[in-house]
Structures are given as structure tokens and as C-alpha cells.
Amino acid sequence: MIYSIALSLLLGFELSYYLLIVQTGIAAHYNSDLITLFPMFAGGVFGTWLGGASWGAIQNPIHKILIALSLQFGLSFLYPNYTFFTLALLGLAVGVMAPLGIYLFKAKQQKELLFALAIAYSVGTFLFTFDADARDDLAIFLSGVALTSAFVLRNYKVALDAKESSYPFVAYLPLMLWIFLDSNLFETLSRHENIDIWSNYTFTIIVFHLLGLVAAYFIKASKPKKHLFIALLFFGSYALSYLEASFMLAMLYPFTISYYNVVVFTVLSKEQSVAKLSFMMVFVGWIASGAGLALALSRLLH
């Protein structure tokens with residue numbers, strides 16, 4: 001029981017850290033300048049690869065996580081003023097966490113996963129409008145909770161025999177597409193002058209995030225049907241964004257994010273090899289989201 005709670009808190013608060021500190025906090029502080037933020041991106045890619053590499057005598061994923069989170073916790077005291085070097089180190093710490101945080105979960109631990117995502121989306125949405133430059137205490141708190149949860153899990157063993165067979169590379173392509181579309185739409189909406197769903201419909205967004213998680217848990221469907229449903233959800237979200245239908249977008253888009261992320265995390269958690277999971281996370285977690293961000297900025301800046 002204690003391990004289940006700690007797992008959910010670890011992933012939930014680390015995702016909250018990524019959403020509020022890395023994705024929206026630091027990015028907003030540096031005005032989403034891709035050149036300035038490149039060290040963090042490069043560090044993230046290297047860290048994600050490093051998460052699946054051999055660390056000599058340190059092989060336990062939890063021990064690697066404790067080292068990464070300790071580094072992240074220390075760097076949180078510098079928020080939001082980072083140098084080229086410290087941005088790279090922060091990206092490294094977050095990157096190491098990306099595959100290892102997922103690797104701790106077994107594919108059948110859906111309740112723990114849903115609780116973690118519920119934490120991340122509720123906290124992330126509620127604090128989204130908080131001044132990006134004043135999130136220093138928040139960075140320390142979120143990172144501290146994740147570090148404390150990892151310490152509780154220090155003797156936790158990943159049940160490899162309970163993990164299902166891994167997927168071929170082609171099976172990850174739809175996941176990359178969903179993350180690309182999400183990253184592109186999120187950056188577009190966060191800078192759109194006529195659409196401010198996070199300030200005006202905070203609790204609506206939280207409710208529909210939770211409904212998306214519930215739907216993903218209770219509605220059973222084949223993989224093709226799930227991906228078709230996600231495609232329709234994104235089509236509707238983009239259409240509502242184009243029409244500037246803020247209230248309807250505040251319902252559909254959060255539902256879309258929650259639903260597709262359960263699918264993404266479930267597929268990733270089935271990977272038996274942490275090295276392959278790290279390799280795939282470079283594409284799924286960094287390249288796809290970075291491409292979506294770059295496309296959004298290229299349109300917004302012209």
C-alpha cells in the first residue's frame with residue numbers, strides 16, 4: 001500500500017514539476033526562446049539516454065532516480081535564473097527521470113497511474129496562471145515531494161516478470177503524433193490573445209481532465225479504436241481552437257490530454273528493457289514535443 005501511494009506521488013509531483021517549472025515556468029521566463037533553452041533540451045535528451053544506460057555499480061532504477069531528483073532539488077533553489085550550464089544540468093536531471101519514472105510502473109498498475117495523472121493535471125491546472133517568475137518555492141516543494149517519495153521507494157523492486165512484451169518502433173509512431181499535436185496546440189493556446197481557458201475556466205478544465213482519466217480507465221476498446229478516438233478528440237480540439245470557442249475547448253481539450261496520456265503511459269510501461277524505453281522516450285518525450293513547440297512558435301512569431 002505504501003509503495004502504491006509513493007509511486008503515485010513520485011510520478012504525480014514530478015509531472016507537476018515538469019508542467020509548472022520546466023514546460024511553462026522556465027520556458028515563460030525565457031520567453032520560449034529556443035536558442036536560450038537549447039541546453040535544457042540537449043541535457044534532457046542526454047539524460048533520457050543516460051537513464052537507460054549502465055551506471056556501473058548503480059543499477060537499481062530507484063537509486064538512479066534518487067541521484068537525479070537530488071540534483072533537480074538542488075537546482076530548484078536557483079529558479080528561475082539559470083546559466084547555460086545549470087539549464088543543461090536541470091535538463092539532465094529531468095531527462096533521467098523521464099524513462100525511469102515510467103519504468104517503475106507495471107502495465108497493470110492503472111489505479112496508481114491514474115492517481116498520479118490526476119495529481120499532475122489538478123495541480124498543474126490550478127497553478128498554471130501563477131506568475132512564472134515567482135515559482136521558486138513551488139519548484140522546491142514539488143521536487144521535494146518527489147524526492148521524498150523516491151526515498152520511501154528506495155527498496156522497491158520492479159517486477160520484470162509482470163511486465164508485458166515490448167512493442168516494435170512503429171507502434172510508438174501514433175504516440176509521437178499525439179504528443180506533437182498536444183505540444184503544438186498547448187503552446188498556441190498559451191500565447192493566444194483571444195483564448196485564455198486556464199484563467200477563465202480553471203475548475204472546468206480540472207473536472208474534464210479527471211473525466212478523461214476515468215473514461216480511459218473504464219472504457220475498454222481495441223488499440224485501433226483508441227487511436228481513432230484520440231484522432232477525433234484532437235480534430236475537435238483544433239477545430240474549437242480555430243473557432244475560438246473557449247468554453248467548449250476548456251471541456252474537450254483537457255479530456256483529450258488525459259485520455260491520450262493514459263494510452264501513452266500504458267504503452268510505455270509495458271516496455272521490459274529500460275534501455276529501449278529510454279531510447280523511445282527521446283523520440284516520444286523530447287523530439288515530438290520539441291517539434292510541436294517549434295512549429296507553434298514559427299507560426300506565432302510571423
# chains A, B, ... in the order shown; residues from 1 in each chain; ligands from 1
>>> residues_around(residues="Ala150 of chain A", least_positions_apart="2", cutoff="9 Å", atoms="only C-alpha atoms", output="PyMOL selection string")
chain A and resi 6-7+9-10+62-63+65-66+69+145-148+152-154
>>> select_by_dssp(residues="segment 179-296 of chain A", states="alpha helix (DSSP H)", output="count of residues only")
96
>>> closest_residue(among="A:Phe283, A:Phe203, A:Tyr217, A:Tyr253", to="Leu177 of chain A", atoms="only C-alpha atoms")
A:Phe283
>>> residues_around(residues="segment 182-193 of chain A", least_positions_apart="5", cutoff="7 Å", atoms="only C-alpha atoms", output="compact mmCIF listing (two decimals) with all heavy atoms, in the first residue's frame")
# COMPACT_ATOMS: atom_id res chain seq x y z
N SER A 289 7.62 16.51 -28.82
CA SER A 289 7.14 17.72 -28.15
C SER A 289 7.93 18.95 -28.60
O SER A 289 7.37 20.03 -28.78
CB SER A 289 7.25 17.56 -26.63
OG SER A 289 8.59 17.35 -26.23
N GLY A 292 6.62 20.05 -31.98
CA GLY A 292 5.34 20.75 -31.84
C GLY A 292 5.52 22.16 -31.34
O GLY A 292 4.87 23.10 -31.82
N LEU A 293 6.40 22.34 -30.36
CA LEU A 293 6.70 23.67 -29.82
C LEU A 293 7.30 24.56 -30.90
O LEU A 293 6.90 25.72 -31.07
CB LEU A 293 7.66 23.54 -28.65
CG LEU A 293 8.27 24.83 -28.10
CD1 LEU A 293 7.19 25.72 -27.53
CD2 LEU A 293 9.33 24.52 -27.05
N LEU A 295 7.04 24.34 -34.16
CA LEU A 295 6.06 24.69 -35.19
C LEU A 295 5.13 25.78 -34.70
O LEU A 295 4.82 26.73 -35.44
CB LEU A 295 5.26 23.45 -35.59
CG LEU A 295 4.16 23.67 -36.64
CD1 LEU A 295 4.77 24.16 -37.95
CD2 LEU A 295 3.36 22.39 -36.86
N ALA A 296 4.69 25.67 -33.45
CA ALA A 296 3.79 26.68 -32.89
C ALA A 296 4.46 28.04 -32.85
O ALA A 296 3.88 29.06 -33.23
CB ALA A 296 3.34 26.26 -31.49
>>> residues_around(residues="segment 129-131 of chain A", least_positions_apart="2", cutoff="12 Å", atoms="only C-alpha atoms", output="ChimeraX atom specification")
/A:20-21,24-26,28-29,80,123-127,133-138,190,196-202
>>> closest_residue(among="A:Ala116, A:Leu240, A:Val263, A:Ala93", to="Ser143 of chain A", atoms="only C-alpha atoms")
A:Ala93
>>> residues_around(residues="Thr266 of chain A", least_positions_apart="4", cutoff="10 Å", atoms="only C-alpha atoms", output="NGL selection string")
:A and (102 or 105-110 or 113 or 260-262 or 270-271)
>>> write_last_selection(atoms="N, CA, C and O atoms", output="PDB file, in the first residue's frame")
ATOM      1  N   ILE A 102       8.597   6.129 -15.416  1.00  0.00           N
ATOM      2  CA  ILE A 102       7.609   5.255 -16.055  1.00  0.00           C
ATOM      3  C   ILE A 102       7.971   3.787 -15.844  1.00  0.00           C
ATOM      4  O   ILE A 102       7.096   2.942 -15.636  1.00  0.00           O
ATOM      5  N   PHE A 105       6.541   1.601 -13.026  1.00  0.00           N
ATOM      6  CA  PHE A 105       5.161   1.124 -13.082  1.00  0.00           C
ATOM      7  C   PHE A 105       5.063  -0.173 -13.884  1.00  0.00           C
ATOM      8  O   PHE A 105       5.723  -0.326 -14.916  1.00  0.00           O
ATOM      9  N   LYS A 106       4.227  -1.075 -13.417  1.00  0.00           N
ATOM     10  CA  LYS A 106       3.858  -2.229 -14.223  1.00  0.00           C
ATOM     11  C   LYS A 106       2.640  -1.840 -15.048  1.00  0.00           C
ATOM     12  O   LYS A 106       1.863  -0.961 -14.658  1.00  0.00           O
ATOM     13  N   ALA A 107       2.453  -2.469 -16.164  1.00  0.00           N
ATOM     14  CA  ALA A 107       1.361  -2.105 -17.066  1.00  0.00           C
ATOM     15  C   ALA A 107      -0.009  -2.218 -16.405  1.00  0.00           C
ATOM     16  O   ALA A 107      -0.941  -1.512 -16.771  1.00  0.00           O
ATOM     17  N   LYS A 108      -0.130  -3.113 -15.417  1.00  0.00           N
ATOM     18  CA  LYS A 108      -1.426  -3.323 -14.777  1.00  0.00           C
ATOM     19  C   LYS A 108      -1.678  -2.373 -13.599  1.00  0.00           C
ATOM     20  O   LYS A 108      -2.734  -2.438 -12.971  1.00  0.00           O
ATOM     21  N   GLN A 109      -0.721  -1.498 -13.292  1.00  0.00           N
ATOM     22  CA  GLN A 109      -0.897  -0.567 -12.173  1.00  0.00           C
ATOM     23  C   GLN A 109      -1.643   0.688 -12.638  1.00  0.00           C
ATOM     24  O   GLN A 109      -1.167   1.804 -12.511  1.00  0.00           O
ATOM     25  N   GLN A 110      -2.839   0.464 -13.177  1.00  0.00           N
ATOM     26  CA  GLN A 110      -3.608   1.558 -13.741  1.00  0.00           C
ATOM     27  C   GLN A 110      -4.107   2.534 -12.679  1.00  0.00           C
ATOM     28  O   GLN A 110      -4.129   3.738 -12.914  1.00  0.00           O
ATOM     29  N   LEU A 113      -1.331   4.831 -11.712  1.00  0.00           N
ATOM     30  CA  LEU A 113      -1.073   5.750 -12.817  1.00  0.00           C
ATOM     31  C   LEU A 113      -2.136   6.843 -12.894  1.00  0.00           C
ATOM     32  O   LEU A 113      -1.815   8.027 -13.048  1.00  0.00           O
ATOM     33  N   TYR A 260      -5.493  10.564 -23.900  1.00  0.00           N
ATOM     34  CA  TYR A 260      -4.384  10.067 -24.716  1.00  0.00           C
ATOM     35  C   TYR A 260      -3.148   9.777 -23.862  1.00  0.00           C
ATOM     36  O   TYR A 260      -2.367   8.870 -24.167  1.00  0.00           O
ATOM     37  N   ASN A 261      -2.961  10.514 -22.764  1.00  0.00           N
ATOM     38  CA  ASN A 261      -1.789  10.263 -21.928  1.00  0.00           C
ATOM     39  C   ASN A 261      -1.883   8.950 -21.185  1.00  0.00           C
ATOM     40  O   ASN A 261      -0.853   8.300 -20.929  1.00  0.00           O
ATOM     41  N   VAL A 262      -3.085   8.510 -20.832  1.00  0.00           N
ATOM     42  CA  VAL A 262      -3.230   7.175 -20.238  1.00  0.00           C
ATOM     43  C   VAL A 262      -2.787   6.116 -21.244  1.00  0.00           C
ATOM     44  O   VAL A 262      -2.081   5.161 -20.896  1.00  0.00           O
ATOM     45  N   LYS A 270       4.784  -0.961 -20.615  1.00  0.00           N
ATOM     46  CA  LYS A 270       4.895  -2.363 -21.000  1.00  0.00           C
ATOM     47  C   LYS A 270       6.289  -2.727 -21.494  1.00  0.00           C
ATOM     48  O   LYS A 270       6.584  -3.911 -21.705  1.00  0.00           O
ATOM     49  N   GLU A 271       7.130  -1.731 -21.695  1.00  0.00           N
ATOM     50  CA  GLU A 271       8.479  -1.993 -22.197  1.00  0.00           C
ATOM     51  C   GLU A 271       9.332  -2.661 -21.118  1.00  0.00           C
ATOM     52  O   GLU A 271       9.476  -2.143 -20.012  1.00  0.00           O
TER      53      GLU A 271
END
>>> residues_around(residues="Leu249 of chain A", least_positions_apart="3", cutoff="10 Å", atoms="only C-alpha atoms", output="list in words")
Ile195, Ile197, Tyr201, Ile205, Gly236, Ser237, Tyr238, Ala239, Leu240, Ser241, Leu243, Glu244, Ala245, Ser246, Leu252, Tyr253, Pro254 and Phe255 of chain A
>>> closest_residue(among="A:Ala120, A:Ile5, A:Leu100, A:Leu175", to="Asn60 of chain A", atoms="only C-alpha atoms")
A:Leu100
>>> closest_residue(among="A:Ala139, A:Val158, A:Leu19, A:Ala118", to="Tyr3 of chain A", atoms="only C-alpha atoms")
A:Val158
>>> decode(residues="segment 23-36 of chain A", atoms="all heavy atoms", output="PDB file, in the first residue's frame")
ATOM      1  N   GLN A  23       8.214  23.158 -18.353  1.00  0.00           N
ATOM      2  CA  GLN A  23       7.471  23.451 -19.578  1.00  0.00           C
ATOM      3  C   GLN A  23       6.894  24.854 -19.617  1.00  0.00           C
ATOM      4  O   GLN A  23       6.914  25.509 -20.665  1.00  0.00           O
ATOM      5  CB  GLN A  23       6.358  22.422 -19.768  1.00  0.00           C
ATOM      6  CG  GLN A  23       5.620  22.569 -21.093  1.00  0.00           C
ATOM      7  CD  GLN A  23       4.549  21.507 -21.274  1.00  0.00           C
ATOM      8  OE1 GLN A  23       4.140  20.842 -20.325  1.00  0.00           O
ATOM      9  NE2 GLN A  23       4.090  21.330 -22.501  1.00  0.00           N
ATOM     10  N   THR A  24       6.353  25.331 -18.517  1.00  0.00           N
ATOM     11  CA  THR A  24       5.710  26.652 -18.532  1.00  0.00           C
ATOM     12  C   THR A  24       6.446  27.697 -17.711  1.00  0.00           C
ATOM     13  O   THR A  24       6.350  28.876 -18.002  1.00  0.00           O
ATOM     14  CB  THR A  24       4.255  26.557 -18.022  1.00  0.00           C
ATOM     15  OG1 THR A  24       4.241  26.075 -16.679  1.00  0.00           O
ATOM     16  CG2 THR A  24       3.443  25.614 -18.894  1.00  0.00           C
ATOM     17  N   GLY A  25       7.159  27.282 -16.670  1.00  0.00           N
ATOM     18  CA  GLY A  25       7.864  28.250 -15.834  1.00  0.00           C
ATOM     19  C   GLY A  25       9.121  28.786 -16.476  1.00  0.00           C
ATOM     20  O   GLY A  25       9.223  29.981 -16.796  1.00  0.00           O
ATOM     21  N   ILE A  26      10.095  27.916 -16.683  1.00  0.00           N
ATOM     22  CA  ILE A  26      11.360  28.335 -17.288  1.00  0.00           C
ATOM     23  C   ILE A  26      11.146  28.792 -18.719  1.00  0.00           C
ATOM     24  O   ILE A  26      11.734  29.792 -19.158  1.00  0.00           O
ATOM     25  CB  ILE A  26      12.383  27.182 -17.230  1.00  0.00           C
ATOM     26  CG1 ILE A  26      12.729  26.873 -15.769  1.00  0.00           C
ATOM     27  CG2 ILE A  26      13.640  27.525 -18.010  1.00  0.00           C
ATOM     28  CD1 ILE A  26      13.618  25.670 -15.591  1.00  0.00           C
ATOM     29  N   ALA A  27      10.302  28.084 -19.456  1.00  0.00           N
ATOM     30  CA  ALA A  27      10.023  28.481 -20.844  1.00  0.00           C
ATOM     31  C   ALA A  27       9.435  29.885 -20.904  1.00  0.00           C
ATOM     32  O   ALA A  27       9.812  30.695 -21.752  1.00  0.00           O
ATOM     33  CB  ALA A  27       9.074  27.477 -21.486  1.00  0.00           C
ATOM     34  N   ALA A  28       8.513  30.202 -19.985  1.00  0.00           N
ATOM     35  CA  ALA A  28       7.920  31.546 -19.963  1.00  0.00           C
ATOM     36  C   ALA A  28       8.937  32.586 -19.530  1.00  0.00           C
ATOM     37  O   ALA A  28       8.975  33.702 -20.068  1.00  0.00           O
ATOM     38  CB  ALA A  28       6.720  31.561 -19.029  1.00  0.00           C
ATOM     39  N   HIS A  29       9.780  32.246 -18.558  1.00  0.00           N
ATOM     40  CA  HIS A  29      10.801  33.193 -18.077  1.00  0.00           C
ATOM     41  C   HIS A  29      11.739  33.599 -19.205  1.00  0.00           C
ATOM     42  O   HIS A  29      12.152  34.766 -19.295  1.00  0.00           O
ATOM     43  CB  HIS A  29      11.596  32.554 -16.936  1.00  0.00           C
ATOM     44  CG  HIS A  29      12.694  33.429 -16.402  1.00  0.00           C
ATOM     45  ND1 HIS A  29      12.450  34.550 -15.630  1.00  0.00           N
ATOM     46  CD2 HIS A  29      14.046  33.349 -16.546  1.00  0.00           C
ATOM     47  CE1 HIS A  29      13.594  35.124 -15.307  1.00  0.00           C
ATOM     48  NE2 HIS A  29      14.570  34.413 -15.859  1.00  0.00           N
ATOM     49  N   TYR A  30      12.072  32.665 -20.061  1.00  0.00           N
ATOM     50  CA  TYR A  30      12.960  32.944 -21.195  1.00  0.00           C
ATOM     51  C   TYR A  30      12.180  33.158 -22.490  1.00  0.00           C
ATOM     52  O   TYR A  30      12.749  33.078 -23.583  1.00  0.00           O
ATOM     53  CB  TYR A  30      13.970  31.816 -21.366  1.00  0.00           C
ATOM     54  CG  TYR A  30      14.974  31.746 -20.236  1.00  0.00           C
ATOM     55  CD1 TYR A  30      14.873  30.768 -19.251  1.00  0.00           C
ATOM     56  CD2 TYR A  30      16.008  32.669 -20.131  1.00  0.00           C
ATOM     57  CE1 TYR A  30      15.774  30.713 -18.197  1.00  0.00           C
ATOM     58  CE2 TYR A  30      16.921  32.621 -19.087  1.00  0.00           C
ATOM     59  CZ  TYR A  30      16.799  31.641 -18.131  1.00  0.00           C
ATOM     60  OH  TYR A  30      17.698  31.582 -17.079  1.00  0.00           O
ATOM     61  N   ASN A  31      10.860  33.413 -22.348  1.00  0.00           N
ATOM     62  CA  ASN A  31      10.001  33.762 -23.484  1.00  0.00           C
ATOM     63  C   ASN A  31      10.057  32.717 -24.590  1.00  0.00           C
ATOM     64  O   ASN A  31      10.003  33.037 -25.774  1.00  0.00           O
ATOM     65  CB  ASN A  31      10.381  35.142 -24.044  1.00  0.00           C
ATOM     66  CG  ASN A  31       9.280  35.743 -24.893  1.00  0.00           C
ATOM     67  OD1 ASN A  31       8.087  35.514 -24.639  1.00  0.00           O
ATOM     68  ND2 ASN A  31       9.655  36.486 -25.911  1.00  0.00           N
ATOM     69  N   SER A  32      10.169  31.459 -24.190  1.00  0.00           N
ATOM     70  CA  SER A  32      10.209  30.328 -25.138  1.00  0.00           C
ATOM     71  C   SER A  32      11.269  30.493 -26.215  1.00  0.00           C
ATOM     72  O   SER A  32      11.102  30.038 -27.352  1.00  0.00           O
ATOM     73  CB  SER A  32       8.830  30.120 -25.787  1.00  0.00           C
ATOM     74  OG  SER A  32       7.870  29.771 -24.819  1.00  0.00           O
ATOM     75  N   ASP A  33      12.373  31.160 -25.864  1.00  0.00           N
ATOM     76  CA  ASP A  33      13.493  31.332 -26.800  1.00  0.00           C
ATOM     77  C   ASP A  33      14.198  29.988 -26.955  1.00  0.00           C
ATOM     78  O   ASP A  33      14.898  29.536 -26.052  1.00  0.00           O
ATOM     79  CB  ASP A  33      14.461  32.390 -26.253  1.00  0.00           C
ATOM     80  CG  ASP A  33      15.580  32.721 -27.232  1.00  0.00           C
ATOM     81  OD1 ASP A  33      15.885  31.888 -28.106  1.00  0.00           O
ATOM     82  OD2 ASP A  33      16.163  33.814 -27.124  1.00  0.00           O
ATOM     83  N   LEU A  34      14.035  29.356 -28.115  1.00  0.00           N
ATOM     84  CA  LEU A  34      14.556  28.010 -28.307  1.00  0.00           C
ATOM     85  C   LEU A  34      16.075  27.961 -28.252  1.00  0.00           C
ATOM     86  O   LEU A  34      16.651  26.947 -27.834  1.00  0.00           O
ATOM     87  CB  LEU A  34      14.063  27.450 -29.649  1.00  0.00           C
ATOM     88  CG  LEU A  34      12.549  27.258 -29.779  1.00  0.00           C
ATOM     89  CD1 LEU A  34      12.204  26.674 -31.142  1.00  0.00           C
ATOM     90  CD2 LEU A  34      12.024  26.365 -28.668  1.00  0.00           C
ATOM     91  N   ILE A  35      16.738  29.044 -28.642  1.00  0.00           N
ATOM     92  CA  ILE A  35      18.203  29.068 -28.590  1.00  0.00           C
ATOM     93  C   ILE A  35      18.675  29.096 -27.141  1.00  0.00           C
ATOM     94  O   ILE A  35      19.579  28.345 -26.747  1.00  0.00           O
ATOM     95  CB  ILE A  35      18.748  30.282 -29.366  1.00  0.00           C
ATOM     96  CG1 ILE A  35      18.398  30.151 -30.852  1.00  0.00           C
ATOM     97  CG2 ILE A  35      20.266  30.399 -29.185  1.00  0.00           C
ATOM     98  CD1 ILE A  35      18.835  31.323 -31.698  1.00  0.00           C
ATOM     99  N   THR A  36      18.054  29.944 -26.329  1.00  0.00           N
ATOM    100  CA  THR A  36      18.414  30.029 -24.915  1.00  0.00           C
ATOM    101  C   THR A  36      18.097  28.728 -24.190  1.00  0.00           C
ATOM    102  O   THR A  36      18.844  28.281 -23.310  1.00  0.00           O
ATOM    103  CB  THR A  36      17.665  31.186 -24.234  1.00  0.00           C
ATOM    104  OG1 THR A  36      17.971  32.410 -24.915  1.00  0.00           O
ATOM    105  CG2 THR A  36      18.056  31.305 -22.770  1.00  0.00           C
TER     106      THR A  36
END
